[in-house]
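**Student:** Sending over a structure as C-alpha cells; questions will come in a sec.
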Amino acid sequence: MDQFQHPESIVAHRRVVFRSLGIAVAAGLLVLFMFAPRFSLWRAVLLDHRLPFPETHRARDALAQLQDPWVQSDSPSNAVLSWRLLFPLVWHYGKLPPLAYLAMPFLGCVLTLWLAAWLSLRRLGDWRRTWMATALFAALPWFFVSTGWLAYFDSWLMLGMLVAAFIPSRVALALVCLSMPWIDERFLLALPVVVPVRMIALGRIEQGAWRGLLADLAVIVAASCPYLGIRAAIWLRGDPGSSGYVRQYWAEMLTVPLPRFLVGLWSGYRAAWLMIGAAICFVAQRLGWRWAGPLAVLVIVSAVGSLLVAADMSRSLSIEAPVMLLGAWLWCEDKKPGARYALPVVLAANLLLPASHVIWHFSVDLRYLYTEIDNLQKPPRELQPDTYFGMAKELREGGDLAGAEWAYDVAIRLDDKFAQAYAGRASLRLQKGNVDAGLADLETALQLKPDLADALLMRAAVYRSRGQTSAAIEDLRKALAGAPTDWPLREETQEFLDLLLRTAAPPKPVP
C-alpha cells in the first residue's frame, strides 16, 4: 500500500464530503419548510419567568447553568440538566457567549445530517437515494426538537448514536461513549439498540468477525464505566434530584391513558416505522431470525420503554433512528422489482402526514414555514407586551408597586419601542424617589414618541423640582398641544402651566 493517498482519491473524497454537505443542507431546509419550529415563541426566553411553552421552558434554566454549572433547577422536568454538564462547563470556563450556546443544537443538526448523508452516499453510491434517506432521517422528532425547542441537544445525541452505530473507528466509539452521556444520558439507554445495528451495518456478523465484535463491546463498556460509576456513587450517597424526578414522573405516568401511548408511538416515526420493520425483515433474510428476532425484541422493548421514561414520548423514541436509517439502506439495496419505490413513497408520506410533538398530556402540532411566519405577527397573549402593560396598571391600582414595575419590565423586554411602558415605569420610579432612573425612562419614551403627553407632564414636574422652569413650561405646552381632547389630565396640566407662568421670573430687559 502506498504511504500517501493518490491525489485523485483525495479529490474524490473531498467531492463526497462536500456533496454530502449540500445534500444535508437541502434535506434539512425541506423539512424545516414542511415542519417549521414555532419561532414566534422564542421571545419568551427574554422573560424572567416560565411560560407553558416547551420551546423555551428549558432555556431559562440552561442559561442559568452557564453562570453556575452546579446550580439545581427548581423545575422537575429540568432536573436532568444537573448531569448534562459537558457543554455548560465548556461555556462557563471558556466564558463563551450564551447566544452561541443556544445555537449549538442547530449546529448539531447540520453535523448530524451531514454525517447521515455521508454514510448514505458511501453505502448507496447515488445522490438521489442519499438525499431521500437524509430527508427521511431529518423528518423525525429529534430534528423537530433540536430546531424548535431552545437548549435541547437531541441533535448531538443523534450524532453520537450515528458514530457509535456506523463508524468503524474504535477511537471514535470510545470518545462518544465517554462524552455523550454528559450531554444526554439517553445515549446509554440507546446502546442496546445501537450495538446490534453496529454489528449488522459493519458486517461483524456476516463476516464472522467475532474478535472485532468483542473489541467493540469492550470499548463500549470501558468508555461508559466512568459515567455509570459516578452516577452510581452519587445515587448510593443520596441523589435527591434524580430520586424526585423518578418519583414524580412515575406517578404522572400512571395517569396517562393507554390510547395516549399509542398516539405517542405513532408520532415517533409515522410512515418511517415501515423502515424499522424493513430493517428487521432484511436482517432476517440475510442473517436469519436468530439475529433478526433479538433485534425485533430490542426494538419493541426500547420503544415501549421510551414511552415510559419521559413525558415527551415522540422525542424519546428517537433512540430507534439508527434502525430506521439501516432499514432505508437495506431496502435500497434490495434487488426485488418495486423496491426502488419504497424510499420515495415513505419519504413522501412522512412529509405529507401531520407531525406533532406528543407529550403525555398534550400535543404541539407542527406547521408549514409560512404559517409560523404569519404567527410572528400574532403571538399568543402571554407574549404580547400589551398584556403586561395592562397587568402593570392593575397591579399598581392594587398597591403592588414591585409587581407593577416587573410587569412594565416584561413589556419593555418584549417590545423595546413601547413608549407608554417606559412612561409607566418612569412614573413608578419617580413615585419611589428614584428620580434619575425615572428621568432616563422619560427621555427614552419621548425619543420614541415625542408627543406622549403623560411623559411630557412627568418630565415637566421633574424639571420644575430642579428649578428648570422654562423647560417645564415648554414640556407642558407640548403636552397640551399634542394630547387628545379627552385626555384626562388636560385640566390638571393647564393649571400646572398657568401656575408656572404666574410664578416664572420676568425676562431681564435687554440694555
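Residue numbers start at 1 in each chain; chains themselves are named A, B, ... in the order of the C-alpha cells; ligands are numbered from 1 in the order shown.
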Excluding same-chain residues fewer than 6 positions from Phe496 (chain A), what lies within 10 Å of it counting only C-alpha atoms, as a PDB file with N, CA and C atoms, in the first residue's frame?
**Tutor:**
```
ATOM      1  N   LEU A 457     -45.710  65.576  30.791  1.00  0.00           N
ATOM      2  CA  LEU A 457     -46.176  66.112  32.068  1.00  0.00           C
ATOM      3  C   LEU A 457     -45.249  65.698  33.204  1.00  0.00           C
ATOM      4  N   ALA A 460     -41.980  67.531  32.978  1.00  0.00           N
ATOM      5  CA  ALA A 460     -42.144  68.925  33.407  1.00  0.00           C
ATOM      6  C   ALA A 460     -42.079  69.029  34.931  1.00  0.00           C
ATOM      7  N   ALA A 461     -42.683  68.045  35.621  1.00  0.00           N
ATOM      8  CA  ALA A 461     -42.637  68.059  37.079  1.00  0.00           C
ATOM      9  C   ALA A 461     -41.202  67.893  37.579  1.00  0.00           C
ATOM     10  N   ALA A 472     -39.775  73.229  31.850  1.00  0.00           N
ATOM     11  CA  ALA A 472     -41.043  72.650  32.296  1.00  0.00           C
ATOM     12  C   ALA A 472     -42.205  73.261  31.527  1.00  0.00           C
ATOM     13  N   ILE A 473     -42.180  74.573  31.347  1.00  0.00           N
ATOM     14  CA  ILE A 473     -43.256  75.250  30.609  1.00  0.00           C
ATOM     15  C   ILE A 473     -43.325  74.747  29.174  1.00  0.00           C
ATOM     16  N   LEU A 476     -44.986  71.353  29.102  1.00  0.00           N
ATOM     17  CA  LEU A 476     -46.425  71.420  29.349  1.00  0.00           C
ATOM     18  C   LEU A 476     -47.172  71.914  28.120  1.00  0.00           C
ATOM     19  N   ARG A 490     -55.753  66.818  31.078  1.00  0.00           N
ATOM     20  CA  ARG A 490     -55.651  68.108  30.389  1.00  0.00           C
ATOM     21  C   ARG A 490     -55.878  69.284  31.346  1.00  0.00           C
TER      22      ARG A 490
END
```
**Student:** For region 358-451 of chain A versus region 252-275 of chain A, which residues have an atom no more than 12 Å away, and what is each residue's nearest atom pair and distance in Å rounded to one decimal, using only C-alpha atoms, chain-then-number order, as JSON lines?
**Tutor:**
```
{"residue": "A:Val358", "atom": "CA", "partner": "A:Gly264", "partner_atom": "CA", "distance": 5.5}
{"residue": "A:Ile359", "atom": "CA", "partner": "A:Gly264", "partner_atom": "CA", "distance": 7.3}
{"residue": "A:Trp360", "atom": "CA", "partner": "A:Val256", "partner_atom": "CA", "distance": 6.2}
{"residue": "A:His361", "atom": "CA", "partner": "A:Val256", "partner_atom": "CA", "distance": 7.1}
{"residue": "A:Phe362", "atom": "CA", "partner": "A:Arg260", "partner_atom": "CA", "distance": 9.3}
{"residue": "A:Ser363", "atom": "CA", "partner": "A:Gly264", "partner_atom": "CA", "distance": 9.3}
{"residue": "A:Val364", "atom": "CA", "partner": "A:Ser267", "partner_atom": "CA", "distance": 11.1}
{"residue": "A:Asp365", "atom": "CA", "partner": "A:Ser267", "partner_atom": "CA", "distance": 10.7}
{"residue": "A:Leu366", "atom": "CA", "partner": "A:Ser267", "partner_atom": "CA", "distance": 11.5}
```
**Student:** One decimal, Å: what's the distance from CA of Val80 (chain A) over to CA of Gln65 (chain A), could you say?
**Tutor:**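 So the answer is 11.8 Å.
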**Student:** Excluding same-chain residues fewer than 4 positions from Gly293 (chain A), what lies within 8 Å of it counting only C-alpha atoms, as a PyMOL selection string?
**Tutor:** chain A and resi 280+284+289+297
**Student:** Store the residues picked out above, limited to N, CA, C and O atoms, as a PDB file, in the first residue's frame.
**Tutor:**
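The result, written out as part-v2.pdb:
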```pdb
ATOM      1  N   ILE A 280     -35.714  -5.092  10.186  1.00  0.00           N
ATOM      2  CA  ILE A 280     -35.835  -6.401  10.826  1.00  0.00           C
ATOM      3  C   ILE A 280     -36.018  -7.493   9.776  1.00  0.00           C
ATOM      4  O   ILE A 280     -35.371  -8.563   9.831  1.00  0.00           O
ATOM      5  N   ALA A 284     -33.438 -10.540   8.760  1.00  0.00           N
ATOM      6  CA  ALA A 284     -33.862 -11.945   8.770  1.00  0.00           C
ATOM      7  C   ALA A 284     -33.488 -12.636   7.471  1.00  0.00           C
ATOM      8  O   ALA A 284     -33.050 -13.800   7.470  1.00  0.00           O
ATOM      9  N   TRP A 289     -33.506 -15.504  11.431  1.00  0.00           N
ATOM     10  CA  TRP A 289     -34.281 -14.969  12.546  1.00  0.00           C
ATOM     11  C   TRP A 289     -33.587 -15.118  13.892  1.00  0.00           C
ATOM     12  O   TRP A 289     -34.005 -14.487  14.868  1.00  0.00           O
ATOM     13  N   VAL A 297     -37.038  -7.811  19.209  1.00  0.00           N
ATOM     14  CA  VAL A 297     -37.372  -7.707  20.635  1.00  0.00           C
ATOM     15  C   VAL A 297     -36.764  -6.435  21.229  1.00  0.00           C
ATOM     16  O   VAL A 297     -37.428  -5.707  21.995  1.00  0.00           O
TER      17      VAL A 297
END
```
**Student:** Quick one: residues within 9 Å of Ala481 (chain A), only C-alpha atoms, excluding same-chain residues fewer than 3 positions away - as a list in words?
**Tutor:** Asp451, Ala453, Leu476, Arg477, Lys478 and Pro484 of chain A
**Student:** For those residues, write N, CA, C and O atoms to a file as a compact mmCIF listing (two decimals), in the first residue's frame.
**Tutor:**
```txt
# COMPACT_ATOMS: atom_id res chain seq x y z
N ASP A 451 -44.51 63.28 21.32
CA ASP A 451 -45.72 63.98 21.76
C ASP A 451 -46.49 63.20 22.83
O ASP A 451 -47.67 63.47 23.06
N ALA A 453 -48.07 62.73 25.91
CA ALA A 453 -48.46 63.76 26.86
C ALA A 453 -48.13 63.38 28.30
O ALA A 453 -47.65 64.21 29.09
N LEU A 476 -44.99 71.35 29.10
CA LEU A 476 -46.42 71.42 29.35
C LEU A 476 -47.17 71.91 28.12
O LEU A 476 -48.26 71.43 27.79
N ARG A 477 -46.60 72.88 27.43
CA ARG A 477 -47.23 73.36 26.21
C ARG A 477 -47.28 72.27 25.13
O ARG A 477 -48.28 72.12 24.43
N LYS A 478 -46.20 71.51 25.02
CA LYS A 478 -46.18 70.40 24.06
C LYS A 478 -47.22 69.36 24.42
O LYS A 478 -47.90 68.81 23.54
N PRO A 484 -54.80 64.24 23.06
CA PRO A 484 -56.17 64.23 22.54
C PRO A 484 -57.08 65.10 23.40
O PRO A 484 -56.79 65.40 24.56
```
**Student:** Going by DSSP on the backbone, which residues of region 356-462 of chain A come out as alpha helix (DSSP H)? List them as a PyMOL selection string.
**Tutor:** chain A and resi 369-375+385-397+401-414+419-431+435-448+453-462
**Student:** Please determine, counting only C-alpha atoms, which residue among A:Glu55, A:Asp416, A:Glu397, A:Asp61 has the shortest atom-to-atom distance to Leu448 (chain A).
**Tutor:**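 Among A:Glu55, A:Asp416, A:Glu397, A:Asp61, it is A:Asp416 that comes nearest to Leu448 (chain A).
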**Student:** My list of candidates is A:Phe39, A:Ala423, A:Gly160, A:Lys335. Which is closest to Ala116 (chain A) when distances are computed with only C-alpha atoms?
**Tutor:** A:Gly160
**Student:** Using only C-alpha atoms, tabulate the residues of region 77-161 of chain A lying at most 12 Å from any atom of region 197-202 of chain A, each with its closest atom pair and that distance in Å to one decimal, by chain and increasing residue number, as JSON lines.
**Tutor:**
```
{"residue": "A:Leu119", "atom": "CA", "partner": "A:Ala201", "partner_atom": "CA", "distance": 10.9}
{"residue": "A:Ser120", "atom": "CA", "partner": "A:Ala201", "partner_atom": "CA", "distance": 11.6}
{"residue": "A:Arg123", "atom": "CA", "partner": "A:Ala201", "partner_atom": "CA", "distance": 10.1}
{"residue": "A:Met161", "atom": "CA", "partner": "A:Arg198", "partner_atom": "CA", "distance": 10.0}
```
**Student:** Would you mind exporting the chosen residues as a PDB file, in the first residue's frame, restricted to N, CA, C and O atoms?
**Tutor:**
```
ATOM      1  N   LEU A 119     -22.603   8.943   5.195  1.00  0.00           N
ATOM      2  CA  LEU A 119     -22.718   7.493   5.355  1.00  0.00           C
ATOM      3  C   LEU A 119     -23.604   6.893   4.267  1.00  0.00           C
ATOM      4  O   LEU A 119     -23.278   5.838   3.691  1.00  0.00           O
ATOM      5  N   SER A 120     -24.715   7.556   3.976  1.00  0.00           N
ATOM      6  CA  SER A 120     -25.644   7.042   2.972  1.00  0.00           C
ATOM      7  C   SER A 120     -25.028   7.079   1.582  1.00  0.00           C
ATOM      8  O   SER A 120     -25.192   6.140   0.785  1.00  0.00           O
ATOM      9  N   ARG A 123     -22.539   4.331   1.138  1.00  0.00           N
ATOM     10  CA  ARG A 123     -23.145   2.996   1.086  1.00  0.00           C
ATOM     11  C   ARG A 123     -23.980   2.804  -0.177  1.00  0.00           C
ATOM     12  O   ARG A 123     -23.925   1.742  -0.804  1.00  0.00           O
ATOM     13  N   MET A 161     -25.055   8.739  18.418  1.00  0.00           N
ATOM     14  CA  MET A 161     -25.626   7.437  18.085  1.00  0.00           C
ATOM     15  C   MET A 161     -25.200   6.991  16.688  1.00  0.00           C
ATOM     16  O   MET A 161     -24.896   5.805  16.464  1.00  0.00           O
TER      17      MET A 161
END
```
**Student:** Contacts of Ser302 (chain A) at 8 Å or less, counting only C-alpha atoms, minus same-chain residues fewer than 5 places along, as JSON, numbers by chain?
**Tutor:** {"A": [190, 193, 320]}
**Student:** Find the spatial neighbours of Arg413 (chain A), counting only C-alpha atoms, within a cut-off of 9 Å - ignore same-chain residues fewer than 3 positions away - and output them as a PDB file with N, CA and C atoms, in the first residue's frame.
**Tutor:**
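Ended up saving to result-v2.pdb:
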```pdb
ATOM      1  N   ARG A  43     -39.311  34.371  21.840  1.00  0.00           N
ATOM      2  CA  ARG A  43     -39.173  35.613  22.629  1.00  0.00           C
ATOM      3  C   ARG A  43     -39.434  35.385  24.106  1.00  0.00           C
ATOM      4  N   LEU A  46     -36.794  35.848  26.781  1.00  0.00           N
ATOM      5  CA  LEU A  46     -36.451  37.170  27.315  1.00  0.00           C
ATOM      6  C   LEU A  46     -37.055  37.412  28.688  1.00  0.00           C
ATOM      7  N   LEU A  47     -38.052  36.624  29.040  1.00  0.00           N
ATOM      8  CA  LEU A  47     -38.768  36.864  30.284  1.00  0.00           C
ATOM      9  C   LEU A  47     -38.068  36.185  31.449  1.00  0.00           C
ATOM     10  N   PRO A 385     -46.811  42.458  24.555  1.00  0.00           N
ATOM     11  CA  PRO A 385     -46.443  43.476  25.553  1.00  0.00           C
ATOM     12  C   PRO A 385     -47.653  44.172  26.163  1.00  0.00           C
ATOM     13  N   TYR A 408     -44.032  46.104  33.868  1.00  0.00           N
ATOM     14  CA  TYR A 408     -43.515  47.074  32.905  1.00  0.00           C
ATOM     15  C   TYR A 408     -42.189  46.585  32.307  1.00  0.00           C
ATOM     16  N   ASP A 409     -41.338  46.003  33.147  1.00  0.00           N
ATOM     17  CA  ASP A 409     -40.069  45.464  32.649  1.00  0.00           C
ATOM     18  C   ASP A 409     -40.303  44.416  31.563  1.00  0.00           C
ATOM     19  N   VAL A 410     -41.255  43.518  31.806  1.00  0.00           N
ATOM     20  CA  VAL A 410     -41.546  42.457  30.838  1.00  0.00           C
ATOM     21  C   VAL A 410     -42.066  43.051  29.538  1.00  0.00           C
ATOM     22  N   ASP A 416     -39.050  46.805  22.917  1.00  0.00           N
ATOM     23  CA  ASP A 416     -38.215  47.897  23.429  1.00  0.00           C
ATOM     24  C   ASP A 416     -38.541  49.233  22.773  1.00  0.00           C
TER      25      ASP A 416
END
```
**Student:** Do you have, as CSV, the list of residues of region 33-142 of chain A lying at most 12 Å from region 223-234 of chain A, each with its nearest atom pair and that distance in Å to one decimal, counting only C-alpha atoms and ordered by chain then number?
**Tutor:**
```
residue,atom,partner,partner_atom,distance
A:Ser82,CA,A:Arg231,CA,11.3
A:Trp83,CA,A:Arg231,CA,8.8
A:Arg84,CA,A:Tyr227,CA,11.0
A:Leu85,CA,A:Tyr227,CA,11.5
A:Leu86,CA,A:Tyr227,CA,11.9
```
**Student:** How would the residues just picked look written out with all heavy atoms as a tab-separated table (two decimals), in the first residue's frame?
**Tutor:**
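What landed in out_8.tsv:
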```
chain	number	residue	atom	x	y	z
A	82	SER	N	-28.71	18.77	35.66
A	82	SER	CA	-27.66	18.67	36.68
A	82	SER	C	-26.55	17.72	36.25
A	82	SER	O	-25.41	17.83	36.73
A	82	SER	CB	-28.25	18.20	38.01
A	82	SER	OG	-29.22	19.10	38.47
A	83	TRP	N	-26.87	16.77	35.36
A	83	TRP	CA	-25.86	15.80	34.92
A	83	TRP	C	-25.43	16.03	33.48
A	83	TRP	O	-24.48	15.38	33.02
A	83	TRP	CB	-26.43	14.38	35.07
A	83	TRP	CG	-26.52	13.97	36.50
A	83	TRP	CD1	-27.61	13.98	37.31
A	83	TRP	CD2	-25.44	13.52	37.31
A	83	TRP	NE1	-27.29	13.56	38.57
A	83	TRP	CE2	-25.95	13.26	38.61
A	83	TRP	CE3	-24.08	13.29	37.08
A	83	TRP	CZ2	-25.16	12.79	39.65
A	83	TRP	CZ3	-23.29	12.83	38.12
A	83	TRP	CH2	-23.83	12.58	39.38
A	84	ARG	N	-26.06	16.91	32.78
A	84	ARG	CA	-25.67	17.19	31.40
A	84	ARG	C	-24.71	18.37	31.41
A	84	ARG	O	-25.05	19.50	31.08
A	84	ARG	CB	-26.91	17.46	30.55
A	84	ARG	CG	-27.84	16.25	30.50
A	84	ARG	CD	-29.10	16.49	29.71
A	84	ARG	NE	-29.96	15.30	29.73
A	84	ARG	CZ	-31.13	15.20	29.14
A	84	ARG	NH1	-31.61	16.24	28.45
A	84	ARG	NH2	-31.84	14.09	29.20
A	85	LEU	N	-23.48	18.09	31.78
A	85	LEU	CA	-22.53	19.12	32.18
A	85	LEU	C	-21.48	19.46	31.13
A	85	LEU	O	-20.77	20.46	31.31
A	85	LEU	CB	-21.81	18.67	33.46
A	85	LEU	CG	-22.68	18.60	34.72
A	85	LEU	CD1	-21.93	17.89	35.84
A	85	LEU	CD2	-23.07	19.99	35.16
A	86	LEU	N	-21.36	18.68	30.08
A	86	LEU	CA	-20.24	18.89	29.17
A	86	LEU	C	-20.25	20.29	28.56
A	86	LEU	O	-19.28	21.06	28.70
A	86	LEU	CB	-20.25	17.83	28.07
A	86	LEU	CG	-19.11	17.94	27.04
A	86	LEU	CD1	-17.75	17.87	27.73
A	86	LEU	CD2	-19.22	16.84	25.99
```
**Student:** So that I can see what lies close to Asp441 (chain A), please list as a compact mmCIF listing (two decimals) with all heavy atoms, in the first residue's frame the residues with an atom at most 12 Å from it, counting only C-alpha atoms and leaving out residues fewer than 5 positions away in the same chain.
**Tutor:**
```txt
# COMPACT_ATOMS: atom_id res chain seq x y z
N TYR A 408 -44.03 46.10 33.87
CA TYR A 408 -43.52 47.07 32.90
C TYR A 408 -42.19 46.59 32.31
O TYR A 408 -41.95 46.75 31.10
CB TYR A 408 -43.30 48.43 33.58
CG TYR A 408 -44.57 49.25 33.78
CD1 TYR A 408 -44.88 49.79 35.02
CD2 TYR A 408 -45.43 49.49 32.71
CE1 TYR A 408 -46.04 50.54 35.21
CE2 TYR A 408 -46.59 50.24 32.89
CZ TYR A 408 -46.88 50.76 34.14
OH TYR A 408 -48.03 51.50 34.31
N ASP A 409 -41.34 46.00 33.15
CA ASP A 409 -40.07 45.46 32.65
C ASP A 409 -40.30 44.42 31.56
O ASP A 409 -39.63 44.40 30.52
CB ASP A 409 -39.27 44.83 33.79
CG ASP A 409 -38.68 45.85 34.74
OD1 ASP A 409 -38.59 47.03 34.35
OD2 ASP A 409 -38.32 45.47 35.87
N ILE A 412 -41.41 45.89 28.29
CA ILE A 412 -40.29 46.53 27.59
C ILE A 412 -39.37 45.48 26.97
O ILE A 412 -38.85 45.68 25.86
CB ILE A 412 -39.54 47.47 28.55
CG1 ILE A 412 -40.42 48.68 28.88
CG2 ILE A 412 -38.21 47.91 27.96
CD1 ILE A 412 -39.90 49.53 30.01
N ASP A 416 -39.05 46.81 22.92
CA ASP A 416 -38.21 47.90 23.43
C ASP A 416 -38.54 49.23 22.77
O ASP A 416 -37.84 50.22 23.01
CB ASP A 416 -36.73 47.57 23.25
CG ASP A 416 -36.35 47.34 21.79
OD1 ASP A 416 -37.22 47.44 20.91
OD2 ASP A 416 -35.16 47.04 21.53
N LYS A 417 -39.60 49.25 21.97
CA LYS A 417 -40.07 50.52 21.38
C LYS A 417 -41.43 50.93 21.98
O LYS A 417 -42.13 51.77 21.42
CB LYS A 417 -40.23 50.37 19.86
CG LYS A 417 -38.95 49.99 19.13
CD LYS A 417 -37.94 51.12 19.18
CE LYS A 417 -36.76 50.86 18.25
NZ LYS A 417 -35.93 49.72 18.69
N PHE A 418 -41.77 50.37 23.10
CA PHE A 418 -43.08 50.59 23.74
C PHE A 418 -42.98 51.83 24.63
O PHE A 418 -42.67 51.76 25.82
CB PHE A 418 -43.46 49.37 24.55
CG PHE A 418 -44.91 49.28 24.94
CD1 PHE A 418 -45.42 48.11 25.49
CD2 PHE A 418 -45.79 50.33 24.76
CE1 PHE A 418 -46.75 48.00 25.84
CE2 PHE A 418 -47.12 50.24 25.11
CZ PHE A 418 -47.60 49.07 25.65
N ALA A 419 -43.26 53.00 24.05
CA ALA A 419 -43.06 54.26 24.75
C ALA A 419 -43.93 54.36 26.01
O ALA A 419 -43.47 54.84 27.07
CB ALA A 419 -43.37 55.43 23.81
N GLN A 420 -45.18 53.91 25.92
CA GLN A 420 -46.07 54.01 27.08
C GLN A 420 -45.56 53.18 28.25
O GLN A 420 -45.76 53.54 29.42
CB GLN A 420 -47.48 53.57 26.70
CG GLN A 420 -48.22 54.54 25.79
CD GLN A 420 -47.90 54.31 24.32
OE1 GLN A 420 -46.97 53.58 23.98
NE2 GLN A 420 -48.67 54.96 23.45
N ALA A 421 -44.91 52.04 27.96
CA ALA A 421 -44.38 51.21 29.04
C ALA A 421 -43.22 51.91 29.75
O ALA A 421 -43.10 51.86 30.98
CB ALA A 421 -43.94 49.85 28.49
N TYR A 422 -42.37 52.59 28.98
CA TYR A 422 -41.29 53.37 29.60
C TYR A 422 -41.88 54.47 30.47
O TYR A 422 -41.40 54.73 31.59
CB TYR A 422 -40.40 53.99 28.52
CG TYR A 422 -39.44 53.01 27.87
CD1 TYR A 422 -39.66 52.54 26.60
CD2 TYR A 422 -38.29 52.59 28.54
CE1 TYR A 422 -38.78 51.65 25.99
CE2 TYR A 422 -37.40 51.71 27.96
CZ TYR A 422 -37.66 51.24 26.67
OH TYR A 422 -36.77 50.37 26.09
N ALA A 423 -42.93 55.12 29.98
CA ALA A 423 -43.55 56.19 30.77
C ALA A 423 -44.18 55.65 32.04
O ALA A 423 -44.07 56.25 33.12
CB ALA A 423 -44.59 56.91 29.92
N GLY A 424 -44.83 54.49 31.95
CA GLY A 424 -45.42 53.88 33.13
C GLY A 424 -44.38 53.49 34.16
O GLY A 424 -44.56 53.74 35.37
N ARG A 425 -43.27 52.91 33.69
CA ARG A 425 -42.21 52.56 34.63
C ARG A 425 -41.57 53.81 35.23
O ARG A 425 -41.17 53.83 36.40
CB ARG A 425 -41.16 51.69 33.93
CG ARG A 425 -40.16 51.07 34.88
CD ARG A 425 -39.27 50.08 34.19
NE ARG A 425 -38.36 50.70 33.23
CZ ARG A 425 -37.44 50.05 32.53
NH1 ARG A 425 -37.33 48.73 32.67
NH2 ARG A 425 -36.64 50.66 31.69
N ALA A 426 -41.46 54.86 34.41
CA ALA A 426 -40.90 56.12 34.93
C ALA A 426 -41.77 56.66 36.06
O ALA A 426 -41.25 57.14 37.09
CB ALA A 426 -40.80 57.14 33.80
N SER A 427 -43.07 56.58 35.89
CA SER A 427 -43.98 57.06 36.93
C SER A 427 -43.75 56.33 38.25
O SER A 427 -43.70 56.93 39.33
CB SER A 427 -45.42 56.89 36.47
OG SER A 427 -46.32 57.24 37.48
N LEU A 428 -43.58 55.00 38.16
CA LEU A 428 -43.33 54.22 39.38
C LEU A 428 -42.00 54.59 40.02
O LEU A 428 -41.90 54.73 41.24
CB LEU A 428 -43.32 52.73 39.01
CG LEU A 428 -44.67 52.02 38.91
CD1 LEU A 428 -44.46 50.58 38.49
CD2 LEU A 428 -45.40 52.06 40.24
N ARG A 429 -40.99 54.74 39.20
CA ARG A 429 -39.67 55.06 39.75
C ARG A 429 -39.65 56.44 40.39
O ARG A 429 -39.00 56.65 41.42
CB ARG A 429 -38.62 54.94 38.64
CG ARG A 429 -38.38 53.49 38.22
CD ARG A 429 -37.39 53.35 37.08
NE ARG A 429 -37.02 51.96 36.90
CZ ARG A 429 -36.21 51.51 35.95
NH1 ARG A 429 -35.68 52.37 35.08
NH2 ARG A 429 -35.91 50.22 35.87
N LEU A 430 -40.35 57.38 39.78
CA LEU A 430 -40.44 58.71 40.38
C LEU A 430 -41.20 58.66 41.70
O LEU A 430 -40.83 59.32 42.68
CB LEU A 430 -41.12 59.68 39.41
CG LEU A 430 -40.34 60.01 38.14
CD1 LEU A 430 -41.20 60.83 37.19
CD2 LEU A 430 -39.05 60.74 38.48
N ASN A 434 -36.75 57.40 42.89
CA ASN A 434 -35.60 57.11 42.03
C ASN A 434 -35.69 58.04 40.82
O ASN A 434 -36.05 57.62 39.71
CB ASN A 434 -35.62 55.65 41.60
CG ASN A 434 -34.31 55.21 40.99
OD1 ASN A 434 -33.44 56.02 40.71
ND2 ASN A 434 -34.18 53.91 40.76
N VAL A 435 -35.34 59.31 41.04
CA VAL A 435 -35.58 60.35 40.05
C VAL A 435 -34.72 60.16 38.81
O VAL A 435 -35.20 60.30 37.67
CB VAL A 435 -35.33 61.74 40.66
CG1 VAL A 435 -35.54 62.83 39.60
CG2 VAL A 435 -36.26 61.97 41.84
N ASP A 436 -33.46 59.84 38.97
CA ASP A 436 -32.56 59.71 37.81
C ASP A 436 -33.03 58.58 36.88
O ASP A 436 -33.07 58.75 35.66
CB ASP A 436 -31.13 59.45 38.27
CG ASP A 436 -30.51 60.68 38.93
OD1 ASP A 436 -30.98 61.80 38.64
OD2 ASP A 436 -29.58 60.52 39.74
N LEU A 446 -39.83 59.64 25.28
CA LEU A 446 -40.04 60.80 24.41
C LEU A 446 -39.20 60.73 23.16
O LEU A 446 -39.53 61.36 22.15
CB LEU A 446 -39.76 62.08 25.20
CG LEU A 446 -40.81 62.36 26.29
CD1 LEU A 446 -40.36 63.49 27.21
CD2 LEU A 446 -42.16 62.71 25.64
N GLN A 447 -38.12 60.00 23.19
CA GLN A 447 -37.39 59.76 21.95
C GLN A 447 -38.22 58.90 21.00
O GLN A 447 -38.21 59.09 19.79
CB GLN A 447 -36.06 59.07 22.24
CG GLN A 447 -35.01 59.97 22.86
CD GLN A 447 -33.75 59.21 23.24
OE1 GLN A 447 -33.59 58.03 22.93
NE2 GLN A 447 -32.84 59.89 23.92
N LEU A 448 -38.94 57.93 21.59
CA LEU A 448 -39.78 57.05 20.78
C LEU A 448 -41.06 57.72 20.34
O LEU A 448 -41.56 57.48 19.23
CB LEU A 448 -40.11 55.78 21.60
CG LEU A 448 -38.92 54.89 21.96
CD1 LEU A 448 -39.35 53.83 22.96
CD2 LEU A 448 -38.35 54.23 20.70
N ALA A 455 -45.78 61.49 29.46
CA ALA A 455 -44.35 61.60 29.70
C ALA A 455 -43.91 63.06 29.77
O ALA A 455 -43.06 63.43 30.61
CB ALA A 455 -43.58 60.86 28.60
N LEU A 456 -44.47 63.90 28.91
CA LEU A 456 -44.13 65.33 28.96
C LEU A 456 -44.55 65.95 30.28
O LEU A 456 -43.82 66.78 30.86
CB LEU A 456 -44.80 66.04 27.79
CG LEU A 456 -44.21 65.75 26.40
CD1 LEU A 456 -45.15 66.25 25.31
CD2 LEU A 456 -42.84 66.40 26.26
N MET A 458 -44.85 64.43 33.21
CA MET A 458 -43.96 63.97 34.29
C MET A 458 -42.60 64.64 34.19
O MET A 458 -42.01 65.02 35.22
CB MET A 458 -43.82 62.45 34.22
CG MET A 458 -45.04 61.70 34.74
SD MET A 458 -44.76 59.91 34.80
CE MET A 458 -45.00 59.47 33.08
N ARG A 459 -42.09 64.78 32.97
CA ARG A 459 -40.77 65.42 32.84
C ARG A 459 -40.84 66.89 33.26
O ARG A 459 -39.90 67.43 33.84
CB ARG A 459 -40.25 65.28 31.42
CG ARG A 459 -38.78 65.70 31.30
CD ARG A 459 -38.18 65.36 29.96
NE ARG A 459 -38.74 66.19 28.89
CZ ARG A 459 -38.27 66.19 27.64
NH1 ARG A 459 -37.26 65.38 27.31
NH2 ARG A 459 -38.82 66.95 26.71
```
**Student:** Compare A:Pro294, A:Gly22, A:Pro141, A:Gly212 by their minimum atom-to-atom distance to Ala355 (chain A), counting only C-alpha atoms, and give me the closest one.
**Tutor:** A:Pro141
**Student:** Report the distance between CA of Val346 (chain A) and CA of Leu136 (chain A) in Å, rounded to one decimal place.
**Tutor:** 8.0 Å
**Student:** What does the distance from CA of Leu150 (chain A) to CA of Leu102 (chain A) come to in Å, to one decimal?
**Tutor:**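 Going from CA of Leu150 (chain A) over to CA of Leu102 (chain A) covers 6.2 Å.
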